[in-house]
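Dropping target.cif in here (mmCIF, C-alpha atoms and all ligand atoms):
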```cif
data_start
#
loop_
_atom_site.label_atom_id
_atom_site.label_comp_id
_atom_site.auth_asym_id
_atom_site.auth_seq_id
_atom_site.Cartn_x
_atom_site.Cartn_y
_atom_site.Cartn_z
CA MET A 13 61.20 -10.36 67.22
CA THR A 14 59.96 -7.20 68.87
CA THR A 15 60.60 -5.68 72.26
CA GLU A 16 58.24 -2.96 73.44
CA LEU A 17 58.17 -0.92 76.62
CA VAL A 18 54.81 0.21 78.00
CA LEU A 19 54.52 2.53 80.98
CA LEU A 20 51.44 1.27 82.83
CA GLY A 21 51.60 3.80 85.65
CA THR A 22 53.91 6.66 86.49
CA ALA A 23 52.68 8.26 89.71
CA GLY A 24 55.07 7.64 92.58
CA ALA A 25 54.25 7.68 96.29
CA PRO A 26 51.44 5.72 97.95
CA LEU A 27 48.73 8.39 97.94
CA PRO A 28 46.55 7.94 94.83
CA VAL A 29 46.77 10.67 92.20
CA ALA A 30 43.69 11.51 90.14
CA GLY A 31 44.00 10.40 86.55
CA ARG A 32 47.30 8.54 86.94
CA GLY A 33 48.21 5.01 87.87
CA GLY A 34 50.78 3.90 90.40
CA VAL A 35 54.26 2.81 89.38
CA SER A 36 54.35 -0.08 86.94
CA SER A 37 55.86 -0.86 83.56
CA ALA A 38 55.61 -3.74 81.13
CA LEU A 39 58.23 -5.07 78.75
CA VAL A 40 56.69 -7.12 75.96
CA VAL A 41 59.11 -9.45 74.21
CA ASP A 42 57.53 -11.21 71.26
CA GLY A 43 54.20 -11.19 73.05
CA ARG A 44 55.62 -12.42 76.35
CA VAL A 45 54.85 -9.92 79.09
CA PHE A 46 57.18 -8.99 81.93
CA VAL A 47 55.87 -6.51 84.48
CA ILE A 48 58.19 -4.32 86.51
CA ASP A 49 56.59 -3.11 89.74
CA CYS A 50 52.94 -3.35 90.50
CA GLY A 51 51.55 -0.13 91.91
CA ARG A 52 47.98 1.08 92.14
CA GLY A 53 45.84 0.21 89.14
CA THR A 54 48.29 -2.12 87.42
CA PRO A 55 45.73 -4.82 86.47
CA SER A 56 43.43 -2.23 84.86
CA ALA A 57 46.31 -0.47 83.13
CA PHE A 58 47.51 -3.84 81.85
CA VAL A 59 44.17 -4.38 80.09
CA GLU A 60 43.99 -0.79 78.87
CA ALA A 61 47.38 -1.34 77.22
CA GLY A 62 45.96 -4.31 75.33
CA LEU A 63 48.19 -6.81 77.08
CA GLY A 64 47.07 -10.40 77.58
CA PHE A 65 46.99 -11.96 81.03
CA SER A 66 47.67 -15.38 79.56
CA ARG A 67 51.00 -14.01 78.30
CA LEU A 68 52.11 -12.64 81.68
CA GLU A 69 55.25 -14.54 82.57
CA ALA A 70 56.86 -12.74 85.44
CA VAL A 71 56.75 -9.73 87.73
CA PHE A 72 59.93 -8.02 88.92
CA LEU A 73 59.60 -5.93 92.07
CA THR A 74 62.23 -3.25 92.55
CA HIS A 75 61.51 -2.93 96.26
CA LEU A 76 58.75 -3.68 98.71
CA HIS A 77 57.19 -0.28 99.34
CA ALA A 78 53.41 -0.47 98.81
CA ASP A 79 53.40 2.01 95.91
CA HIS A 80 55.44 -0.55 93.95
CA THR A 81 53.66 -3.71 95.11
CA GLY A 82 50.13 -2.82 96.25
CA ASP A 83 48.21 -4.29 93.33
CA LEU A 84 50.20 -7.49 93.09
CA PRO A 85 47.33 -9.51 94.65
CA GLY A 86 44.98 -8.33 91.92
CA LEU A 87 47.50 -8.94 89.15
CA LEU A 88 47.79 -12.53 90.33
CA LEU A 89 44.21 -13.25 91.35
CA TYR A 90 41.99 -11.42 88.82
CA PRO A 91 43.23 -13.36 85.76
CA TRP A 92 43.53 -16.70 87.60
CA GLY A 93 40.54 -18.17 85.74
CA ILE A 94 42.13 -17.77 82.31
CA ARG A 95 45.59 -18.98 83.29
CA VAL A 96 44.95 -22.30 81.60
CA GLY A 97 46.01 -23.89 78.31
CA ASP A 98 45.02 -26.97 76.37
CA ILE A 99 46.78 -29.36 78.70
CA GLY A 100 46.30 -27.70 82.07
CA PRO A 101 47.34 -24.63 84.01
CA LEU A 102 49.78 -22.24 82.41
CA ALA A 103 53.25 -22.06 83.91
CA PRO A 104 53.17 -20.19 87.23
CA ILE A 105 53.66 -16.43 87.17
CA ARG A 106 57.07 -15.86 88.69
CA VAL A 107 57.40 -12.95 91.08
CA TYR A 108 61.00 -11.85 91.57
CA GLY A 109 61.99 -9.33 94.18
CA PRO A 110 64.28 -8.49 97.06
CA SER A 111 64.89 -11.09 99.70
CA ARG A 112 64.50 -10.32 103.39
CA PRO A 113 67.19 -7.88 104.50
CA ALA A 114 69.94 -9.27 106.69
CA ALA A 115 68.86 -6.99 109.53
CA VAL A 116 65.71 -5.11 110.43
CA PRO A 117 66.30 -1.45 109.48
CA ALA A 118 66.30 0.94 112.42
CA GLY A 119 65.30 4.58 112.43
CA ASP A 120 66.48 7.52 114.45
CA ALA A 121 65.06 10.08 116.83
CA LEU A 122 63.18 11.93 114.09
CA PHE A 123 61.92 9.10 111.92
CA HIS A 124 61.08 5.78 113.47
CA ARG A 125 58.22 3.34 113.79
CA GLU A 126 56.12 3.05 116.91
CA THR A 127 54.40 -0.30 116.58
CA THR A 128 56.30 -3.10 114.86
CA ILE A 129 53.80 -4.94 112.69
CA HIS A 130 54.08 -8.72 112.53
CA PRO A 131 57.17 -8.84 114.78
CA GLU A 132 57.77 -12.52 114.09
CA ARG A 133 58.54 -11.56 110.47
CA PRO A 134 58.80 -7.77 110.37
CA VAL A 135 60.59 -7.34 107.02
CA PRO A 136 59.32 -10.07 104.69
CA GLY A 137 60.93 -10.55 101.30
CA ALA A 138 59.31 -11.06 97.92
CA ALA A 139 58.74 -14.80 98.36
CA ASP A 140 57.24 -14.09 101.79
CA LEU A 141 54.95 -11.51 100.21
CA VAL A 142 53.67 -14.01 97.65
CA GLU A 143 53.15 -16.62 100.35
CA SER A 144 51.21 -14.08 102.43
CA ILE A 145 49.02 -13.12 99.46
CA LEU A 146 48.15 -16.78 98.94
CA ALA A 147 47.46 -17.20 102.66
CA GLY A 148 45.35 -14.07 102.86
CA TYR A 149 43.29 -15.05 99.83
CA ALA A 150 43.08 -18.75 100.72
CA TYR A 151 39.30 -18.45 100.98
CA HIS A 152 39.03 -17.31 97.37
CA LEU A 153 41.58 -19.82 96.16
CA ASN A 154 40.00 -22.75 98.00
CA VAL A 155 36.31 -21.91 97.57
CA MET A 156 36.11 -20.41 94.09
CA PRO A 157 36.94 -23.76 92.43
CA LEU A 158 33.80 -25.22 94.02
CA ASP A 159 31.57 -22.94 91.95
CA ALA A 160 33.58 -22.32 88.79
CA ARG A 161 36.07 -24.31 86.76
CA MET A 162 39.43 -22.88 87.84
CA PRO A 163 43.01 -23.90 87.09
CA ASP A 164 44.91 -25.55 89.93
CA ALA A 165 45.68 -22.77 92.41
CA GLY A 166 48.92 -24.53 93.21
CA ALA A 167 50.16 -23.58 89.75
CA LEU A 168 49.29 -19.90 89.96
CA VAL A 169 52.47 -18.25 91.19
CA ARG A 170 56.00 -18.75 92.44
CA GLY A 171 57.77 -16.15 94.56
CA ILE A 172 61.52 -15.96 94.03
CA ASP A 173 63.87 -13.97 96.25
CA ILE A 174 66.84 -12.20 94.72
CA SER A 175 69.82 -12.24 97.02
CA LEU A 176 72.72 -9.97 96.23
CA PRO A 177 76.19 -10.72 97.56
CA ALA A 178 77.44 -8.49 100.34
CA ARG A 179 79.05 -5.45 98.82
CA ALA A 180 82.61 -4.50 99.58
CA GLN A 181 82.84 -0.86 100.61
CA GLY A 182 83.85 1.36 97.73
CA ARG A 183 83.78 -1.45 95.17
CA ALA A 184 81.46 -1.48 92.17
CA GLN A 185 78.78 -4.13 92.20
CA ALA A 186 78.78 -6.89 89.63
CA PRO A 187 75.21 -7.23 88.31
CA VAL A 188 73.51 -10.45 89.40
CA LEU A 189 71.82 -12.62 86.78
CA VAL A 190 68.18 -12.91 87.79
CA PHE A 191 66.64 -14.56 84.76
CA GLY A 192 67.84 -15.73 81.38
CA ASP A 193 66.40 -18.06 78.75
CA GLY A 194 68.38 -17.22 75.63
CA VAL A 195 65.85 -14.58 74.54
CA VAL A 196 65.49 -12.38 77.60
CA ARG A 197 68.24 -11.72 80.09
CA VAL A 198 67.56 -9.87 83.33
CA THR A 199 70.28 -8.60 85.64
CA ALA A 200 70.02 -6.56 88.82
CA VAL A 201 72.04 -4.37 91.14
CA ALA A 202 71.18 -2.88 94.50
CA VAL A 203 70.35 0.83 94.48
CA THR A 204 70.05 3.36 97.29
CA HIS A 205 66.59 4.17 98.59
CA GLY A 206 66.81 5.14 102.23
CA HIS A 207 66.02 2.31 104.59
CA ALA A 208 64.39 0.25 101.83
CA VAL A 209 67.15 -2.33 101.73
CA PRO A 210 67.54 -4.11 99.47
CA ALA A 211 66.13 -2.03 96.63
CA LEU A 212 66.93 -3.18 93.12
CA ALA A 213 67.35 -1.86 89.59
CA TYR A 214 66.86 -4.24 86.67
CA ARG A 215 68.32 -4.42 83.20
CA PHE A 216 66.51 -6.35 80.47
CA ASP A 217 68.50 -7.36 77.39
CA THR A 218 66.99 -8.84 74.25
CA ALA A 219 68.22 -9.04 70.67
CA ASP A 220 66.38 -5.75 70.06
CA GLY A 221 68.17 -3.79 72.74
CA SER A 222 68.20 -3.02 76.42
CA VAL A 223 65.88 -1.36 78.90
CA VAL A 224 66.86 -0.47 82.46
CA PHE A 225 64.44 0.24 85.30
CA SER A 226 65.89 2.28 88.15
CA GLY A 227 63.23 1.68 90.77
CA ASP A 228 63.36 4.31 93.49
CA THR A 229 66.92 5.46 94.10
CA THR A 230 69.19 8.37 94.70
CA VAL A 231 71.86 8.99 92.08
CA ASN A 232 73.68 5.67 92.09
CA ASP A 233 76.93 4.73 90.37
CA ASP A 234 76.03 1.05 90.15
CA LEU A 235 72.77 1.91 88.40
CA ILE A 236 74.67 4.14 85.98
CA ALA A 237 77.06 1.28 85.28
CA LEU A 238 74.12 -1.11 84.79
CA ALA A 239 72.57 1.34 82.32
CA GLN A 240 75.70 1.76 80.19
CA GLY A 241 74.69 1.64 76.54
CA ALA A 242 71.05 0.84 77.27
CA ASP A 243 68.48 2.02 74.74
CA ILE A 244 66.07 3.21 77.40
CA LEU A 245 66.56 4.06 81.06
CA VAL A 246 63.23 4.26 82.89
CA HIS A 247 64.18 6.39 85.85
CA GLN A 248 62.10 7.65 88.74
CA VAL A 249 62.38 11.28 89.76
CA ALA A 250 61.19 13.45 92.59
CA ASP A 251 60.72 17.17 92.09
CA LEU A 252 62.21 18.45 95.30
CA GLY A 253 61.70 22.08 94.31
CA TYR A 254 58.00 21.42 93.80
CA LEU A 255 57.76 19.70 97.17
CA GLU A 256 59.52 22.60 98.85
CA ARG A 257 57.16 25.10 97.23
CA HIS A 258 54.29 23.04 98.61
CA GLY A 259 55.40 23.11 102.20
CA ILE A 260 57.74 20.13 102.57
CA THR A 261 60.86 21.60 104.14
CA GLY A 262 63.59 20.93 106.67
CA ALA A 263 64.17 17.36 107.78
CA ALA A 264 61.24 16.03 105.75
CA LEU A 265 62.69 17.49 102.54
CA ASP A 266 66.15 16.20 103.44
CA ARG A 267 64.66 12.73 103.86
CA MET A 268 63.04 12.93 100.42
CA ALA A 269 66.38 13.99 98.94
CA GLY A 270 67.90 10.93 100.60
CA LEU A 271 65.34 8.64 98.96
CA HIS A 272 65.03 9.85 95.39
CA THR A 273 66.80 11.31 92.40
CA ASP A 274 65.77 14.91 91.85
CA VAL A 275 64.37 15.87 88.47
CA THR A 276 67.37 18.17 87.96
CA GLU A 277 69.79 15.24 88.40
CA VAL A 278 68.32 12.65 86.06
CA GLY A 279 69.75 14.20 82.89
CA GLY A 280 73.21 13.85 84.37
CA VAL A 281 72.50 10.21 85.19
CA ALA A 282 71.49 9.57 81.58
CA GLU A 283 74.56 11.43 80.32
CA ARG A 284 76.85 9.26 82.41
CA ALA A 285 75.00 6.12 81.30
CA GLY A 286 76.14 7.05 77.82
CA ARG A 287 75.06 6.06 74.39
CA GLY A 288 72.04 7.48 72.73
CA PHE A 289 71.52 10.33 75.15
CA ARG A 290 71.50 13.68 73.37
CA GLY A 291 70.51 16.04 76.12
CA THR A 292 66.78 15.51 76.42
CA THR A 293 64.77 13.34 78.71
CA THR A 294 61.18 12.22 78.18
CA ALA A 295 58.72 12.72 81.00
CA GLY A 296 56.93 9.40 81.19
CA HIS A 297 53.15 9.25 81.20
CA ASP A 298 50.74 6.40 81.66
CA GLY A 299 50.37 4.45 78.43
CA LEU A 300 53.60 5.71 76.83
CA ARG A 301 55.03 3.05 74.49
CA ARG A 302 58.46 2.66 72.93
CA VAL A 303 59.50 -0.10 70.55
CA LEU A 304 63.16 -1.09 70.54
CA PRO A 305 65.52 -0.25 69.03
CA SER A 306 64.85 3.33 69.94
CA ARG A 307 68.01 4.77 68.43
CA GLY A 308 67.98 7.08 65.44
ZN ZN A 401 60.01 3.45 97.44
#
```
Since I need it in another form, could you write the structure as structure tokens?
Ligand SMILES: [Zn+2]
Amino acid sequence: MTTELVLLGTAGAPLPVAGRGGVSSALVVDGRVFVIDCGRGTPSAFVEAGLGFSRLEAVFLTHLHADHTGDLPGLLLYPWGIRVGDIGPLAPIRVYGPSRPAAVPAGDALFHRETTIHPERPVPGAADLVESILAGYAYHLNVMPLDARMPDAGALVRGIDISLPARAQGRAQAPVLVFGDGVVRVTAVAVTHGHAVPALAYRFDTADGSVVFSGDTTVNDDLIALAQGADILVHQVADLGYLERHGITGAALDRMAGLHTDVTEVGGVAERAGRGFRGTTTAGHDGLRRVLPSRG
């Protein structure tokens, strides 16, 4: 078997960046495709990488900020017409992600929202998001089959919330099993990303090795524990020094530091995660590929 990592997009933050796609990665396990996050341009990057939409099995969302989820509708809807096999629709694409938080996050005097959007459900979870995509695109899903032969829309997608047990203060988290079929095993822990609660990191294990995706997080001991011995840790970084040199200072810079791991910290994270790290990190770029095992 083979397990290959493909970085589909590496530009963080919602504002589009010329020449780079938004955050998304693919893990290809014997041709089966698992997508982690779905930022701007993911469907196009997916094709550019030579991946097949009929082999897309599942999407794992680390958290529900738009720069990690914004092109999920396209990833589901553009390939709908070919999601069919000899005996009917392919198995639904499963979309895993954080459940609704237990409480609506509140801000403070400096950073807070003014209008609460959709107050009857102000912090929808991953399954809510999928349901809302289907509702919002109901016209397409209900009318397109009248003019073109389409697979049953009811078989297109399933949204699945990941609920993590309440964490005891000061205690390490036990990773939660999200998915496992004997070939691919996916576990998750909560990470720390400001008010984006819950935010998740994922570990994928196959017979070829292990890949961990940090999502957006500050330096996090549970992520480091999750990444112990992994072959690859795909970790986000912010360059706080760069931001400061470009006019982001004071409380705004402090907030960024409270959301992300700085580029100067990620080497230490890798060091603590152990095996295989020999003092260098690779700056990811769109289209970067790594086949496991990556050791040696
Ligand atoms: Zn984020």
Pick from A:Arg257, A:Arg112, A:Arg215, A:His152, whichever lies nearest to Ile48 in chain A using all atoms listed in the file:
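Of A:Arg257, A:Arg112, A:Arg215, A:His152, the one nearest Ile48 in chain A, counting all atoms listed in the file, is A:Arg215.
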Closest contacts (chain A/ligand ZN 401 (chain A), max 9 Å, all atoms listed in the file) as a tab-separated table:
```
residue	atom	partner	partner_atom	distance
A:Gly24	CA	A:ZN401	ZN	8.1
A:Ala25	CA	A:ZN401	ZN	7.2
A:Pro26	CA	A:ZN401	ZN	8.9
A:Thr74	CA	A:ZN401	ZN	8.6
A:His75	CA	A:ZN401	ZN	6.7
A:Leu76	CA	A:ZN401	ZN	7.4
A:His77	CA	A:ZN401	ZN	5.0
A:Ala78	CA	A:ZN401	ZN	7.8
A:Asp79	CA	A:ZN401	ZN	6.9
A:His80	CA	A:ZN401	ZN	7.0
A:His205	CA	A:ZN401	ZN	6.7
A:Gly206	CA	A:ZN401	ZN	8.5
A:Ala208	CA	A:ZN401	ZN	7.0
A:Ala211	CA	A:ZN401	ZN	8.3
A:Gly227	CA	A:ZN401	ZN	7.6
A:Asp228	CA	A:ZN401	ZN	5.3
A:Thr229	CA	A:ZN401	ZN	7.9
A:Leu271	CA	A:ZN401	ZN	7.6
A:His272	CA	A:ZN401	ZN	8.4
```
Quick one: residues within 10 Å of Ser37 in chain A, all atoms listed in the file counted, chain neighbours fewer than 5 positions away excluded, as a PyMOL selection string?
chain A and resi 17-22+46-51+54+57-58+71-72+225+246+298-301
Would you pick out the contacts of Pro85 in chain A at 9 Å or less, using all atoms listed in the file, so that residues sharing its chain but fewer than 3 positions from it are not included, and give the list as number ranges by chain?
A: 81-82, 88-90, 142, 145-146, 149
Please provide the set of residues having any atom within 7 Å of Arg170 in chain A, restricted to only C-alpha atoms, with same-chain residues fewer than 2 positions apart removed, written as a PyMOL selection string.
chain A and resi 104-107+172
Answer as a PyMOL selection string, residues within 12 Å of (65.2, -14.7, 80.9) using only C-alpha atoms
chain A and resi 41+44-46+69-72+106+108+189-199+215-218
Using all atoms listed in the file, the residue out of A:Pro117, A:Gly296, A:Pro163, A:Gly109 with shortest distance to Leu141 in chain A is A:Gly109
Between CA of Thr15 in chain A and CA of Asp243 in chain A, what is the distance, to one decimal in Å?
11.3 Å
Can you pull out the residues contacting Leu252 in chain A? Cut-off 8 Å, using all atoms listed in the file, and skip same-chain residues under 3 positions away; I want them as a PyMOL selection string.
chain A and resi 255-256+265+268-269+274-275
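Considering the residues A:Ala147, A:Glu277, A:Leu245, A:Tyr254 and counting all atoms listed in the file, Thr294 in chain A has its shortest atom-to-atom contact with A:Leu245.
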Among listed residues A:Leu73, A:Met162, A:Val224, A:Ala200, nearest Ala285 in chain A (using only C-alpha atoms):
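Smallest distance to Ala285 in chain A is found for A:Val224.
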Separation of CA of Asp42 in chain A and CA of Ala23 in chain A, in Å?
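That distance, rounded to one decimal, is 27.3 Å.
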What would range 149-160 of chain A look like with all heavy atoms restored, written as a PDB file, in the frame of the given file?
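Written file, part30.pdb:
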```
ATOM      1  N   TYR A 149      44.380 -14.798 100.781  1.00  0.00           N
ATOM      2  CA  TYR A 149      43.290 -15.050  99.830  1.00  0.00           C
ATOM      3  C   TYR A 149      42.966 -16.541  99.726  1.00  0.00           C
ATOM      4  O   TYR A 149      42.404 -16.991  98.728  1.00  0.00           O
ATOM      5  CB  TYR A 149      43.640 -14.481  98.458  1.00  0.00           C
ATOM      6  CG  TYR A 149      43.542 -12.971  98.427  1.00  0.00           C
ATOM      7  CD1 TYR A 149      44.648 -12.173  98.694  1.00  0.00           C
ATOM      8  CD2 TYR A 149      42.326 -12.343  98.146  1.00  0.00           C
ATOM      9  CE1 TYR A 149      44.559 -10.791  98.687  1.00  0.00           C
ATOM     10  CE2 TYR A 149      42.227 -10.968  98.123  1.00  0.00           C
ATOM     11  CZ  TYR A 149      43.346 -10.190  98.399  1.00  0.00           C
ATOM     12  OH  TYR A 149      43.244  -8.818  98.389  1.00  0.00           O
ATOM     13  N   ALA A 150      43.319 -17.298 100.751  1.00  0.00           N
ATOM     14  CA  ALA A 150      43.080 -18.750 100.720  1.00  0.00           C
ATOM     15  C   ALA A 150      41.582 -19.048 100.551  1.00  0.00           C
ATOM     16  O   ALA A 150      41.221 -20.016  99.872  1.00  0.00           O
ATOM     17  CB  ALA A 150      43.625 -19.405 101.979  1.00  0.00           C
ATOM     18  N   TYR A 151      40.745 -18.213 101.148  1.00  0.00           N
ATOM     19  CA  TYR A 151      39.300 -18.450 100.980  1.00  0.00           C
ATOM     20  C   TYR A 151      38.951 -18.469  99.495  1.00  0.00           C
ATOM     21  O   TYR A 151      38.341 -19.412  98.994  1.00  0.00           O
ATOM     22  CB  TYR A 151      38.500 -17.361 101.708  1.00  0.00           C
ATOM     23  CG  TYR A 151      37.007 -17.594 101.616  1.00  0.00           C
ATOM     24  CD1 TYR A 151      36.314 -18.250 102.637  1.00  0.00           C
ATOM     25  CD2 TYR A 151      36.293 -17.209 100.482  1.00  0.00           C
ATOM     26  CE1 TYR A 151      34.957 -18.500 102.524  1.00  0.00           C
ATOM     27  CE2 TYR A 151      34.950 -17.458 100.358  1.00  0.00           C
ATOM     28  CZ  TYR A 151      34.279 -18.102 101.383  1.00  0.00           C
ATOM     29  OH  TYR A 151      32.939 -18.362 101.270  1.00  0.00           O
ATOM     30  N   HIS A 152      39.323 -17.404  98.804  1.00  0.00           N
ATOM     31  CA  HIS A 152      39.030 -17.310  97.370  1.00  0.00           C
ATOM     32  C   HIS A 152      39.625 -18.491  96.609  1.00  0.00           C
ATOM     33  O   HIS A 152      38.953 -19.121  95.782  1.00  0.00           O
ATOM     34  CB  HIS A 152      39.591 -15.997  96.839  1.00  0.00           C
ATOM     35  CG  HIS A 152      39.477 -15.822  95.358  1.00  0.00           C
ATOM     36  ND1 HIS A 152      38.290 -15.515  94.728  1.00  0.00           N
ATOM     37  CD2 HIS A 152      40.408 -15.907  94.368  1.00  0.00           C
ATOM     38  CE1 HIS A 152      38.493 -15.424  93.413  1.00  0.00           C
ATOM     39  NE2 HIS A 152      39.769 -15.653  93.174  1.00  0.00           N
ATOM     40  N   LEU A 153      40.875 -18.791  96.920  1.00  0.00           N
ATOM     41  CA  LEU A 153      41.580 -19.820  96.160  1.00  0.00           C
ATOM     42  C   LEU A 153      41.033 -21.221  96.445  1.00  0.00           C
ATOM     43  O   LEU A 153      41.069 -22.093  95.573  1.00  0.00           O
ATOM     44  CB  LEU A 153      43.078 -19.760  96.486  1.00  0.00           C
ATOM     45  CG  LEU A 153      43.784 -18.498  95.968  1.00  0.00           C
ATOM     46  CD1 LEU A 153      45.122 -18.293  96.669  1.00  0.00           C
ATOM     47  CD2 LEU A 153      43.983 -18.575  94.452  1.00  0.00           C
ATOM     48  N   ASN A 154      40.510 -21.418  97.649  1.00  0.00           N
ATOM     49  CA  ASN A 154      40.000 -22.750  98.000  1.00  0.00           C
ATOM     50  C   ASN A 154      38.514 -22.916  97.717  1.00  0.00           C
ATOM     51  O   ASN A 154      38.048 -24.052  97.536  1.00  0.00           O
ATOM     52  CB  ASN A 154      40.267 -23.015  99.494  1.00  0.00           C
ATOM     53  CG  ASN A 154      41.743 -23.208  99.782  1.00  0.00           C
ATOM     54  OD1 ASN A 154      42.480 -23.736  98.945  1.00  0.00           O
ATOM     55  ND2 ASN A 154      42.188 -22.777 100.950  1.00  0.00           N
ATOM     56  N   VAL A 155      37.767 -21.811  97.707  1.00  0.00           N
ATOM     57  CA  VAL A 155      36.310 -21.910  97.570  1.00  0.00           C
ATOM     58  C   VAL A 155      35.847 -21.642  96.141  1.00  0.00           C
ATOM     59  O   VAL A 155      34.915 -22.277  95.658  1.00  0.00           O
ATOM     60  CB  VAL A 155      35.619 -20.952  98.574  1.00  0.00           C
ATOM     61  CG1 VAL A 155      34.118 -20.928  98.364  1.00  0.00           C
ATOM     62  CG2 VAL A 155      35.955 -21.382 100.004  1.00  0.00           C
ATOM     63  N   MET A 156      36.520 -20.731  95.462  1.00  0.00           N
ATOM     64  CA  MET A 156      36.110 -20.410  94.090  1.00  0.00           C
ATOM     65  C   MET A 156      36.039 -21.643  93.195  1.00  0.00           C
ATOM     66  O   MET A 156      35.104 -21.785  92.384  1.00  0.00           O
ATOM     67  CB  MET A 156      37.084 -19.380  93.504  1.00  0.00           C
ATOM     68  CG  MET A 156      36.674 -18.829  92.151  1.00  0.00           C
ATOM     69  SD  MET A 156      35.633 -17.363  92.331  1.00  0.00           S
ATOM     70  CE  MET A 156      35.403 -16.961  90.596  1.00  0.00           C
ATOM     71  N   PRO A 157      36.991 -22.581  93.303  1.00  0.00           N
ATOM     72  CA  PRO A 157      36.940 -23.760  92.430  1.00  0.00           C
ATOM     73  C   PRO A 157      35.736 -24.671  92.682  1.00  0.00           C
ATOM     74  O   PRO A 157      35.501 -25.600  91.901  1.00  0.00           O
ATOM     75  CB  PRO A 157      38.247 -24.505  92.764  1.00  0.00           C
ATOM     76  CG  PRO A 157      39.131 -23.478  93.347  1.00  0.00           C
ATOM     77  CD  PRO A 157      38.234 -22.542  94.096  1.00  0.00           C
ATOM     78  N   LEU A 158      34.982 -24.414  93.762  1.00  0.00           N
ATOM     79  CA  LEU A 158      33.800 -25.220  94.020  1.00  0.00           C
ATOM     80  C   LEU A 158      32.608 -24.752  93.198  1.00  0.00           C
ATOM     81  O   LEU A 158      31.621 -25.474  93.048  1.00  0.00           O
ATOM     82  CB  LEU A 158      33.431 -25.164  95.518  1.00  0.00           C
ATOM     83  CG  LEU A 158      34.572 -25.466  96.499  1.00  0.00           C
ATOM     84  CD1 LEU A 158      34.063 -25.425  97.936  1.00  0.00           C
ATOM     85  CD2 LEU A 158      35.205 -26.821  96.195  1.00  0.00           C
ATOM     86  N   ASP A 159      32.686 -23.522  92.697  1.00  0.00           N
ATOM     87  CA  ASP A 159      31.570 -22.940  91.950  1.00  0.00           C
ATOM     88  C   ASP A 159      31.907 -22.601  90.510  1.00  0.00           C
ATOM     89  O   ASP A 159      31.037 -22.212  89.743  1.00  0.00           O
ATOM     90  CB  ASP A 159      31.079 -21.670  92.657  1.00  0.00           C
ATOM     91  CG  ASP A 159      30.371 -21.984  93.973  1.00  0.00           C
ATOM     92  OD1 ASP A 159      29.545 -22.915  93.984  1.00  0.00           O
ATOM     93  OD2 ASP A 159      30.672 -21.329  94.980  1.00  0.00           O
ATOM     94  N   ALA A 160      33.172 -22.641  90.163  1.00  0.00           N
ATOM     95  CA  ALA A 160      33.580 -22.320  88.790  1.00  0.00           C
ATOM     96  C   ALA A 160      34.792 -23.157  88.446  1.00  0.00           C
ATOM     97  O   ALA A 160      35.588 -23.499  89.326  1.00  0.00           O
ATOM     98  CB  ALA A 160      33.919 -20.826  88.672  1.00  0.00           C
TER      99      ALA A 160
END
```
